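Have a look at the structure below before the remarks.
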Amino acid sequence: MLAALTAFAITSVARLITGARALWLGCTPQPVQRLYYANHSSHGDFVLIWASLPQPLRQHTRPVAGADYWQKPGIRQFLIKRVFNGVLIDRQHSDAQSHPLQPIQDALAQGDSLIFFPEGTRNLSDEPLLAFKSGLFHLASAHPQVEVIPVWIANLNRVMPKGRALPLPLLCTLSFGEPLQLLADESKHAFLDRARQALLALAPKES
């Protein structure tokens, strides 16, 4: 009950603060398995995507997040485990025997949809996107039945800039693009470049 009430509060506050609008430009919110991949500039990115989905889809959509940030005892751990049901990955590779993508592979294998950030870390540079890590290619290759959906998040880094305690009242938009599918014999480099360009194409001109 506490987790459900917290989820309701978070989604309500997220929409209120950001005025978030979900623009379904290349797809519609459907109960199909998807891998939503997005640009990453704030710890609030996955919260905004998750909050923008209809409630029935949120129940089966899990954010992928770094264990080093979220696995600390306290409110973060409660949120990521009990509220968002997140998939935690070891970005530090502390266990040499484990594969960093295995928790994501397991979640996709059991039918979950995921929110994924292919840059691998928050982009605090002046570039619109960092280079994509290879994970998106490997996931698309291993799970061809999953729709790969680009999502551009506009303005959240300005609403919640690094080091600021209170958010700024700016309108955020989330643009959901057309599904991508790995082509036959498409190389890792070609797919990642195509996925990156599909995401950049959703960015507002002023971005």
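Here's how to read the names in the structure tokens: chain A, B, ... by the order shown, residue numbers from 1 in each chain, ligand numbers from 1 in the order shown.
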Which residues come within 10 Å of segment 138-144 of chain A, counting only C-alpha atoms, excluding same-chain residues fewer than 3 positions away, as a PyMOL selection string?
-> chain A and resi 35+101+104-105+108-109+133-135+147-148+180-184+186+188+191
Hey, can you spit out that residue selection with N, CA and C atoms as an mmCIF file, in the first residue's frame?
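Final file, result_5.cif:
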data_model
loop_
_atom_site.group_PDB
_atom_site.id
_atom_site.type_symbol
_atom_site.label_atom_id
_atom_site.label_comp_id
_atom_site.auth_asym_id
_atom_site.auth_seq_id
_atom_site.Cartn_x
_atom_site.Cartn_y
_atom_site.Cartn_z
ATOM 1 N N LEU A 35 11.270 -1.708 -25.334
ATOM 2 C CA LEU A 35 12.484 -1.182 -24.731
ATOM 3 C C LEU A 35 12.525 0.300 -25.094
ATOM 4 N N LEU A 101 24.897 -7.023 -18.383
ATOM 5 C CA LEU A 101 23.578 -6.957 -19.012
ATOM 6 C C LEU A 101 22.643 -8.086 -18.580
ATOM 7 N N ILE A 104 19.189 -7.295 -17.178
ATOM 8 C CA ILE A 104 18.306 -6.742 -18.211
ATOM 9 C C ILE A 104 17.800 -7.865 -19.108
ATOM 10 N N GLN A 105 18.693 -8.761 -19.477
ATOM 11 C CA GLN A 105 18.293 -9.907 -20.303
ATOM 12 C C GLN A 105 17.218 -10.725 -19.596
ATOM 13 N N LEU A 108 13.805 -8.899 -19.700
ATOM 14 C CA LEU A 108 13.178 -8.996 -21.016
ATOM 15 C C LEU A 108 12.667 -10.413 -21.270
ATOM 16 N N ALA A 109 13.428 -11.402 -20.822
ATOM 17 C CA ALA A 109 13.025 -12.798 -21.034
ATOM 18 C C ALA A 109 11.717 -13.123 -20.315
ATOM 19 N N LYS A 133 26.670 3.188 -25.785
ATOM 20 C CA LYS A 133 27.338 1.945 -25.441
ATOM 21 C C LYS A 133 26.736 0.823 -26.289
ATOM 22 N N SER A 134 27.370 -0.326 -26.255
ATOM 23 C CA SER A 134 26.946 -1.427 -27.124
ATOM 24 C C SER A 134 25.713 -2.170 -26.613
ATOM 25 N N GLY A 135 25.286 -1.884 -25.366
ATOM 26 C CA GLY A 135 24.205 -2.657 -24.771
ATOM 27 C C GLY A 135 22.917 -2.669 -25.580
ATOM 28 N N GLU A 147 9.819 -4.290 -29.136
ATOM 29 C CA GLU A 147 9.856 -3.031 -29.873
ATOM 30 C C GLU A 147 10.852 -2.071 -29.209
ATOM 31 N N VAL A 148 11.751 -1.526 -30.008
ATOM 32 C CA VAL A 148 12.753 -0.588 -29.509
ATOM 33 C C VAL A 148 12.277 0.824 -29.854
ATOM 34 N N LEU A 180 12.178 0.774 -33.709
ATOM 35 C CA LEU A 180 13.328 0.353 -34.501
ATOM 36 C C LEU A 180 13.453 -1.158 -34.413
ATOM 37 N N GLN A 181 13.979 -1.742 -35.455
ATOM 38 C CA GLN A 181 14.240 -3.174 -35.447
ATOM 39 C C GLN A 181 15.598 -3.414 -36.076
ATOM 40 N N LEU A 182 16.365 -4.308 -35.456
ATOM 41 C CA LEU A 182 17.670 -4.658 -35.996
ATOM 42 C C LEU A 182 17.485 -5.333 -37.354
ATOM 43 N N LEU A 183 18.154 -4.812 -38.372
ATOM 44 C CA LEU A 183 18.041 -5.362 -39.715
ATOM 45 C C LEU A 183 18.929 -6.593 -39.877
ATOM 46 N N ALA A 184 18.571 -7.418 -40.831
ATOM 47 C CA ALA A 184 19.373 -8.613 -41.098
ATOM 48 C C ALA A 184 20.792 -8.208 -41.477
ATOM 49 N N GLU A 186 22.812 -6.390 -40.011
ATOM 50 C CA GLU A 186 23.212 -5.031 -39.647
ATOM 51 C C GLU A 186 24.296 -5.081 -38.577
ATOM 52 N N LYS A 188 26.869 -3.797 -35.513
ATOM 53 C CA LYS A 188 26.665 -3.067 -34.264
ATOM 54 C C LYS A 188 26.814 -1.565 -34.484
ATOM 55 N N PHE A 191 23.776 -0.140 -36.467
ATOM 56 C CA PHE A 191 22.534 -0.081 -35.690
ATOM 57 C C PHE A 191 22.591 1.029 -34.644
#
From a DSSP calculation on the backbone, collect every residue of chain A in strand (DSSP E) and output the set as number ranges by chain.
-> A: 21-24, 34-38, 61-66, 87-89, 113-116, 147-154, 173-176
Write out as a ChimeraX atom specification the residues lying within 12 Å of Arg82 of chain A, counting only C-alpha atoms and excluding same-chain residues fewer than 3 positions away.
-> /A:1-7,59,62,70,74-79,85-87
Members of segment 4-127 of chain A assigned helix (DSSP H, G or I) by DSSP, as a compact mmCIF listing (two decimals) with all heavy atoms, in the first residue's frame:
# COMPACT_ATOMS: atom_id res chain seq x y z
N ALA A 4 2.30 1.79 -3.43
CA ALA A 4 1.29 2.28 -4.37
C ALA A 4 1.01 3.76 -4.15
O ALA A 4 0.89 4.54 -5.11
CB ALA A 4 0.02 1.46 -4.24
N LEU A 5 0.90 4.16 -2.89
CA LEU A 5 0.66 5.57 -2.58
C LEU A 5 1.84 6.43 -2.98
O LEU A 5 1.67 7.55 -3.49
CB LEU A 5 0.37 5.73 -1.08
CG LEU A 5 -0.97 5.18 -0.59
CD1 LEU A 5 -1.05 5.28 0.94
CD2 LEU A 5 -2.13 5.92 -1.23
N THR A 6 3.04 5.91 -2.78
CA THR A 6 4.24 6.65 -3.17
C THR A 6 4.30 6.81 -4.68
O THR A 6 4.65 7.89 -5.20
CB THR A 6 5.51 5.93 -2.68
OG1 THR A 6 5.43 5.75 -1.26
CG2 THR A 6 6.76 6.73 -3.02
N ALA A 7 3.96 5.76 -5.42
CA ALA A 7 3.94 5.83 -6.88
C ALA A 7 2.95 6.89 -7.36
O ALA A 7 3.26 7.66 -8.27
CB ALA A 7 3.59 4.46 -7.46
N PHE A 8 1.76 6.92 -6.76
CA PHE A 8 0.76 7.91 -7.14
C PHE A 8 1.28 9.32 -6.86
O PHE A 8 1.13 10.23 -7.68
CB PHE A 8 -0.54 7.67 -6.37
CG PHE A 8 -1.58 8.72 -6.61
CD1 PHE A 8 -2.34 8.71 -7.78
CD2 PHE A 8 -1.81 9.73 -5.68
CE1 PHE A 8 -3.31 9.70 -8.01
CE2 PHE A 8 -2.76 10.70 -5.90
CZ PHE A 8 -3.51 10.69 -7.07
N ALA A 9 1.91 9.51 -5.70
CA ALA A 9 2.43 10.82 -5.34
C ALA A 9 3.53 11.26 -6.30
O ALA A 9 3.57 12.42 -6.73
CB ALA A 9 2.95 10.79 -3.90
N ILE A 10 4.43 10.35 -6.64
CA ILE A 10 5.55 10.68 -7.52
C ILE A 10 5.06 11.06 -8.92
O ILE A 10 5.50 12.05 -9.50
CB ILE A 10 6.54 9.52 -7.59
CG1 ILE A 10 7.31 9.40 -6.27
CG2 ILE A 10 7.52 9.69 -8.76
CD1 ILE A 10 8.21 8.21 -6.19
N THR A 11 4.15 10.28 -9.47
CA THR A 11 3.65 10.58 -10.81
C THR A 11 2.89 11.91 -10.82
O THR A 11 3.02 12.70 -11.76
CB THR A 11 2.74 9.46 -11.33
OG1 THR A 11 1.69 9.21 -10.38
CG2 THR A 11 3.52 8.17 -11.54
N SER A 12 2.13 12.18 -9.77
CA SER A 12 1.38 13.43 -9.70
C SER A 12 2.31 14.63 -9.58
O SER A 12 2.15 15.63 -10.28
CB SER A 12 0.42 13.40 -8.50
OG SER A 12 -0.51 12.35 -8.62
N VAL A 13 3.30 14.53 -8.70
CA VAL A 13 4.24 15.63 -8.51
C VAL A 13 5.09 15.84 -9.76
O VAL A 13 5.37 16.99 -10.15
CB VAL A 13 5.13 15.37 -7.28
CG1 VAL A 13 6.27 16.38 -7.20
CG2 VAL A 13 4.30 15.43 -6.01
N ALA A 14 5.51 14.75 -10.40
CA ALA A 14 6.33 14.87 -11.60
C ALA A 14 5.58 15.63 -12.69
O ALA A 14 6.14 16.50 -13.37
CB ALA A 14 6.74 13.48 -12.10
N ARG A 15 4.31 15.30 -12.88
CA ARG A 15 3.52 16.00 -13.89
C ARG A 15 3.29 17.46 -13.50
O ARG A 15 3.32 18.35 -14.35
CB ARG A 15 2.19 15.29 -14.09
CG ARG A 15 2.29 13.88 -14.65
CD ARG A 15 0.93 13.40 -15.08
NE ARG A 15 0.93 11.97 -15.38
CZ ARG A 15 0.44 11.05 -14.57
NH1 ARG A 15 -0.10 11.39 -13.42
NH2 ARG A 15 0.46 9.77 -14.91
N LEU A 16 3.06 17.71 -12.21
CA LEU A 16 2.79 19.07 -11.75
C LEU A 16 4.00 19.97 -11.92
O LEU A 16 3.91 21.10 -12.41
CB LEU A 16 2.35 19.04 -10.28
CG LEU A 16 2.06 20.40 -9.63
CD1 LEU A 16 0.86 21.05 -10.30
CD2 LEU A 16 1.81 20.22 -8.14
N ILE A 17 5.17 19.48 -11.52
CA ILE A 17 6.38 20.29 -11.55
C ILE A 17 6.83 20.55 -12.99
O ILE A 17 7.23 21.67 -13.33
CB ILE A 17 7.51 19.60 -10.76
CG1 ILE A 17 7.20 19.64 -9.26
CG2 ILE A 17 8.86 20.27 -11.03
CD1 ILE A 17 8.21 18.91 -8.41
N THR A 18 6.78 19.54 -13.81
CA THR A 18 7.34 19.65 -15.16
C THR A 18 6.31 20.00 -16.22
O THR A 18 6.68 20.40 -17.33
CB THR A 18 8.03 18.34 -15.58
OG1 THR A 18 7.03 17.30 -15.69
CG2 THR A 18 9.07 17.92 -14.56
N ASP A 45 15.08 11.37 -15.16
CA ASP A 45 14.66 10.99 -16.53
C ASP A 45 13.71 9.80 -16.54
O ASP A 45 12.65 9.86 -17.16
CB ASP A 45 15.90 10.68 -17.38
CG ASP A 45 16.70 11.93 -17.71
OD1 ASP A 45 16.12 13.02 -17.72
OD2 ASP A 45 17.91 11.80 -17.95
N PHE A 46 14.11 8.71 -15.90
CA PHE A 46 13.25 7.52 -15.98
C PHE A 46 11.94 7.74 -15.24
O PHE A 46 10.91 7.18 -15.62
CB PHE A 46 13.98 6.26 -15.50
CG PHE A 46 14.04 6.07 -14.01
CD1 PHE A 46 12.91 5.73 -13.28
CD2 PHE A 46 15.25 6.17 -13.33
CE1 PHE A 46 12.97 5.53 -11.90
CE2 PHE A 46 15.33 5.96 -11.97
CZ PHE A 46 14.18 5.64 -11.25
N VAL A 47 11.96 8.59 -14.20
CA VAL A 47 10.73 8.88 -13.47
C VAL A 47 9.72 9.54 -14.40
O VAL A 47 8.53 9.21 -14.39
CB VAL A 47 11.02 9.79 -12.26
CG1 VAL A 47 9.72 10.16 -11.56
CG2 VAL A 47 11.97 9.12 -11.29
N LEU A 48 10.19 10.46 -15.23
CA LEU A 48 9.30 11.19 -16.12
C LEU A 48 8.73 10.28 -17.20
O LEU A 48 7.54 10.36 -17.54
CB LEU A 48 10.03 12.37 -16.75
CG LEU A 48 9.16 13.54 -17.22
CD1 LEU A 48 8.30 14.06 -16.09
CD2 LEU A 48 10.04 14.65 -17.78
N ILE A 49 9.56 9.41 -17.77
CA ILE A 49 9.06 8.45 -18.76
C ILE A 49 8.03 7.53 -18.12
O ILE A 49 6.94 7.30 -18.66
CB ILE A 49 10.21 7.63 -19.36
CG1 ILE A 49 11.16 8.54 -20.15
CG2 ILE A 49 9.66 6.53 -20.27
CD1 ILE A 49 12.38 7.82 -20.69
N TRP A 50 8.37 6.99 -16.96
CA TRP A 50 7.48 6.07 -16.25
C TRP A 50 6.16 6.75 -15.93
O TRP A 50 5.09 6.16 -16.10
CB TRP A 50 8.20 5.61 -14.99
CG TRP A 50 7.59 4.45 -14.26
CD1 TRP A 50 7.67 3.13 -14.59
CD2 TRP A 50 6.82 4.51 -13.04
NE1 TRP A 50 7.01 2.36 -13.66
CE2 TRP A 50 6.49 3.19 -12.70
CE3 TRP A 50 6.42 5.56 -12.22
CZ2 TRP A 50 5.74 2.89 -11.56
CZ3 TRP A 50 5.67 5.26 -11.08
CH2 TRP A 50 5.34 3.93 -10.77
N ALA A 51 6.22 8.00 -15.46
CA ALA A 51 5.01 8.73 -15.10
C ALA A 51 4.16 9.08 -16.32
O ALA A 51 2.95 9.29 -16.19
CB ALA A 51 5.37 10.01 -14.35
N SER A 52 4.77 9.15 -17.49
CA SER A 52 4.05 9.51 -18.71
C SER A 52 3.29 8.34 -19.33
O SER A 52 2.46 8.54 -20.21
CB SER A 52 5.03 10.08 -19.75
OG SER A 52 5.61 11.28 -19.28
N GLN A 55 -1.28 4.04 -16.57
CA GLN A 55 -1.05 3.23 -15.38
C GLN A 55 -0.94 1.73 -15.65
O GLN A 55 -0.05 1.06 -15.09
CB GLN A 55 -2.17 3.51 -14.35
CG GLN A 55 -1.87 3.01 -12.94
CD GLN A 55 -2.26 1.56 -12.74
OE1 GLN A 55 -3.12 1.05 -13.48
NE2 GLN A 55 -1.64 0.89 -11.78
N PRO A 56 -1.76 1.14 -16.53
CA PRO A 56 -1.60 -0.30 -16.79
C PRO A 56 -0.23 -0.65 -17.38
O PRO A 56 0.30 -1.73 -17.12
CB PRO A 56 -2.73 -0.60 -17.78
CG PRO A 56 -3.74 0.46 -17.53
CD PRO A 56 -2.95 1.68 -17.20
N LEU A 57 0.35 0.27 -18.18
CA LEU A 57 1.67 -0.01 -18.75
C LEU A 57 2.77 0.15 -17.72
O LEU A 57 3.79 -0.55 -17.78
CB LEU A 57 1.94 0.93 -19.94
CG LEU A 57 0.98 0.84 -21.14
CD1 LEU A 57 1.53 1.65 -22.30
CD2 LEU A 57 0.76 -0.60 -21.55
N ARG A 58 2.59 1.07 -16.78
CA ARG A 58 3.61 1.27 -15.73
C ARG A 58 3.82 0.00 -14.92
O ARG A 58 4.93 -0.26 -14.44
CB ARG A 58 3.21 2.41 -14.80
CG ARG A 58 3.31 3.78 -15.42
CD ARG A 58 3.42 4.86 -14.36
NE ARG A 58 2.30 4.90 -13.45
CZ ARG A 58 1.21 5.63 -13.63
NH1 ARG A 58 1.08 6.38 -14.72
NH2 ARG A 58 0.23 5.62 -12.74
N ALA A 67 23.24 0.32 -9.92
CA ALA A 67 23.18 -0.15 -8.53
C ALA A 67 24.01 0.73 -7.61
O ALA A 67 23.66 0.91 -6.44
CB ALA A 67 23.66 -1.60 -8.45
N ASP A 68 25.08 1.31 -8.11
CA ASP A 68 25.96 2.13 -7.27
C ASP A 68 25.24 3.35 -6.72
O ASP A 68 25.57 3.83 -5.62
CB ASP A 68 27.21 2.56 -8.05
CG ASP A 68 26.85 3.23 -9.37
OD1 ASP A 68 26.22 2.56 -10.21
OD2 ASP A 68 27.20 4.40 -9.57
N TYR A 69 24.24 3.87 -7.45
CA TYR A 69 23.49 5.04 -6.98
C TYR A 69 22.26 4.65 -6.18
O TYR A 69 21.96 5.26 -5.14
CB TYR A 69 23.08 5.92 -8.16
CG TYR A 69 22.30 7.15 -7.77
CD1 TYR A 69 22.95 8.30 -7.32
CD2 TYR A 69 20.90 7.18 -7.83
CE1 TYR A 69 22.25 9.44 -6.94
CE2 TYR A 69 20.19 8.30 -7.45
CZ TYR A 69 20.87 9.43 -7.01
OH TYR A 69 20.15 10.53 -6.63
N TRP A 70 21.52 3.63 -6.64
CA TRP A 70 20.22 3.33 -6.08
C TRP A 70 20.22 2.26 -4.99
O TRP A 70 19.23 2.13 -4.26
CB TRP A 70 19.26 2.89 -7.19
CG TRP A 70 18.87 4.00 -8.09
CD1 TRP A 70 19.42 4.31 -9.30
CD2 TRP A 70 17.85 4.98 -7.86
NE1 TRP A 70 18.81 5.42 -9.84
CE2 TRP A 70 17.84 5.85 -8.98
CE3 TRP A 70 16.94 5.20 -6.82
CZ2 TRP A 70 16.94 6.91 -9.07
CZ3 TRP A 70 16.06 6.27 -6.92
CH2 TRP A 70 16.07 7.10 -8.04
N ILE A 75 15.76 5.72 1.40
CA ILE A 75 14.68 6.08 0.48
C ILE A 75 14.97 5.66 -0.95
O ILE A 75 14.07 5.22 -1.68
CB ILE A 75 14.37 7.60 0.56
CG1 ILE A 75 13.15 7.95 -0.28
CG2 ILE A 75 15.60 8.41 0.15
CD1 ILE A 75 11.87 7.32 0.19
N ARG A 76 16.23 5.78 -1.39
CA ARG A 76 16.55 5.38 -2.77
C ARG A 76 16.25 3.90 -3.00
O ARG A 76 15.65 3.53 -4.01
CB ARG A 76 18.02 5.65 -3.08
CG ARG A 76 18.41 7.10 -3.19
CD ARG A 76 19.87 7.21 -3.60
NE ARG A 76 20.40 8.55 -3.37
CZ ARG A 76 21.66 8.89 -3.56
NH1 ARG A 76 22.53 7.98 -3.99
NH2 ARG A 76 22.06 10.13 -3.33
N GLN A 77 16.69 3.08 -2.06
CA GLN A 77 16.49 1.64 -2.22
C GLN A 77 15.01 1.29 -2.19
O GLN A 77 14.54 0.45 -2.97
CB GLN A 77 17.23 0.90 -1.10
CG GLN A 77 17.28 -0.61 -1.32
CD GLN A 77 18.11 -1.29 -0.25
OE1 GLN A 77 17.61 -1.56 0.84
NE2 GLN A 77 19.38 -1.55 -0.53
N PHE A 78 14.26 1.96 -1.32
CA PHE A 78 12.81 1.72 -1.27
C PHE A 78 12.16 2.10 -2.61
O PHE A 78 11.33 1.36 -3.15
CB PHE A 78 12.18 2.54 -0.14
CG PHE A 78 10.68 2.57 -0.17
CD1 PHE A 78 9.94 1.48 0.24
CD2 PHE A 78 10.00 3.70 -0.63
CE1 PHE A 78 8.55 1.50 0.20
CE2 PHE A 78 8.61 3.74 -0.67
CZ PHE A 78 7.89 2.63 -0.25
N LEU A 79 12.53 3.26 -3.15
CA LEU A 79 11.93 3.71 -4.40
C LEU A 79 12.23 2.78 -5.55
O LEU A 79 11.34 2.38 -6.30
CB LEU A 79 12.42 5.13 -4.72
CG LEU A 79 11.90 6.26 -3.84
CD1 LEU A 79 12.59 7.57 -4.19
CD2 LEU A 79 10.38 6.40 -3.97
N ILE A 80 13.50 2.43 -5.72
CA ILE A 80 13.87 1.65 -6.89
C ILE A 80 13.35 0.22 -6.82
O ILE A 80 13.00 -0.38 -7.84
CB ILE A 80 15.40 1.66 -7.11
CG1 ILE A 80 15.73 1.31 -8.56
CG2 ILE A 80 16.11 0.72 -6.15
CD1 ILE A 80 15.26 2.30 -9.58
N LYS A 81 13.26 -0.33 -5.60
CA LYS A 81 12.82 -1.72 -5.48
C LYS A 81 11.31 -1.86 -5.33
O LYS A 81 10.69 -2.68 -5.99
CB LYS A 81 13.53 -2.38 -4.29
CG LYS A 81 15.00 -2.67 -4.52
CD LYS A 81 15.57 -3.51 -3.38
CE LYS A 81 16.98 -3.97 -3.71
NZ LYS A 81 17.54 -4.85 -2.65
N ARG A 82 10.71 -1.05 -4.46
CA ARG A 82 9.31 -1.23 -4.13
C ARG A 82 8.37 -0.42 -5.00
O ARG A 82 7.24 -0.83 -5.26
CB ARG A 82 9.09 -0.88 -2.65
CG ARG A 82 9.89 -1.72 -1.67
CD ARG A 82 9.38 -3.17 -1.62
NE ARG A 82 7.99 -3.21 -1.24
CZ ARG A 82 7.55 -3.13 0.02
NH1 ARG A 82 8.43 -3.00 1.00
NH2 ARG A 82 6.27 -3.18 0.29
N VAL A 83 8.81 0.76 -5.43
CA VAL A 83 7.93 1.64 -6.21
C VAL A 83 8.12 1.41 -7.71
O VAL A 83 7.16 1.15 -8.44
CB VAL A 83 8.18 3.12 -5.86
CG1 VAL A 83 7.31 4.02 -6.74
CG2 VAL A 83 7.90 3.37 -4.39
N GLN A 102 23.13 -9.04 -17.78
CA GLN A 102 22.32 -10.21 -17.45
C GLN A 102 21.01 -9.86 -16.76
O GLN A 102 19.96 -10.42 -17.11
CB GLN A 102 23.12 -11.20 -16.61
CG GLN A 102 22.45 -12.57 -16.49
CD GLN A 102 22.22 -13.19 -17.86
OE1 GLN A 102 23.14 -13.28 -18.68
NE2 GLN A 102 20.98 -13.62 -18.13
N PRO A 103 20.98 -8.94 -15.78
CA PRO A 103 19.68 -8.60 -15.17
C PRO A 103 18.68 -8.03 -16.18
O PRO A 103 17.47 -8.27 -16.07
CB PRO A 103 20.05 -7.55 -14.11
CG PRO A 103 21.49 -7.81 -13.81
CD PRO A 103 22.10 -8.26 -15.11
N ILE A 104 19.19 -7.29 -17.18
CA ILE A 104 18.31 -6.74 -18.21
C ILE A 104 17.80 -7.86 -19.11
O ILE A 104 16.61 -7.91 -19.46
CB ILE A 104 19.05 -5.68 -19.04
CG1 ILE A 104 19.69 -4.63 -18.13
CG2 ILE A 104 18.10 -5.01 -20.02
CD1 ILE A 104 20.53 -3.61 -18.88
N GLN A 105 18.69 -8.76 -19.48
CA GLN A 105 18.29 -9.91 -20.30
C GLN A 105 17.22 -10.73 -19.60
O GLN A 105 16.24 -11.16 -20.22
CB GLN A 105 19.51 -10.79 -20.60
CG GLN A 105 20.65 -10.11 -21.34
CD GLN A 105 20.42 -10.06 -22.85
OE1 GLN A 105 19.30 -10.23 -23.32
NE2 GLN A 105 21.49 -9.83 -23.60
N ASP A 106 17.40 -10.94 -18.30
CA ASP A 106 16.43 -11.72 -17.53
C ASP A 106 15.07 -11.03 -17.50
O ASP A 106 14.02 -11.69 -17.63
CB ASP A 106 16.94 -11.93 -16.10
CG ASP A 106 18.18 -12.81 -16.05
OD1 ASP A 106 18.46 -13.51 -17.04
OD2 ASP A 106 18.88 -12.78 -15.01
N ALA A 107 15.07 -9.70 -17.32
CA ALA A 107 13.81 -8.96 -17.26
C ALA A 107 13.07 -9.03 -18.60
O ALA A 107 11.85 -9.20 -18.64
CB ALA A 107 14.07 -7.51 -16.87
N LEU A 108 13.81 -8.90 -19.70
CA LEU A 108 13.18 -9.00 -21.02
C LEU A 108 12.67 -10.41 -21.27
O LEU A 108 11.59 -10.60 -21.86
CB LEU A 108 14.18 -8.59 -22.11
CG LEU A 108 14.53 -7.10 -22.16
CD1 LEU A 108 15.65 -6.85 -23.18
CD2 LEU A 108 13.31 -6.25 -22.52
N ALA A 109 13.43 -11.40 -20.82
CA ALA A 109 13.02 -12.80 -21.03
C ALA A 109 11.72 -13.12 -20.32
O ALA A 109 10.95 -13.98 -20.77
CB ALA A 109 14.14 -13.73 -20.57
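Using only C-alpha atoms, the shortest contact distance between Ser41 of chain A and any of A:Phe176, A:Phe84, A:Phe132, A:Phe117 is found at A:Phe117.
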Pick out the residues sitting within 12 Å of Glu127 of chain A, and hand them over as a list in words; count only C-alpha atoms, and ignore anything fewer than 3 positions along from it in its own chain.
-> Asn39, His40, Ser41, Glu119, Arg122, Asn123, Leu124, Leu130, Ala131, Leu200 and Ser207 of chain A
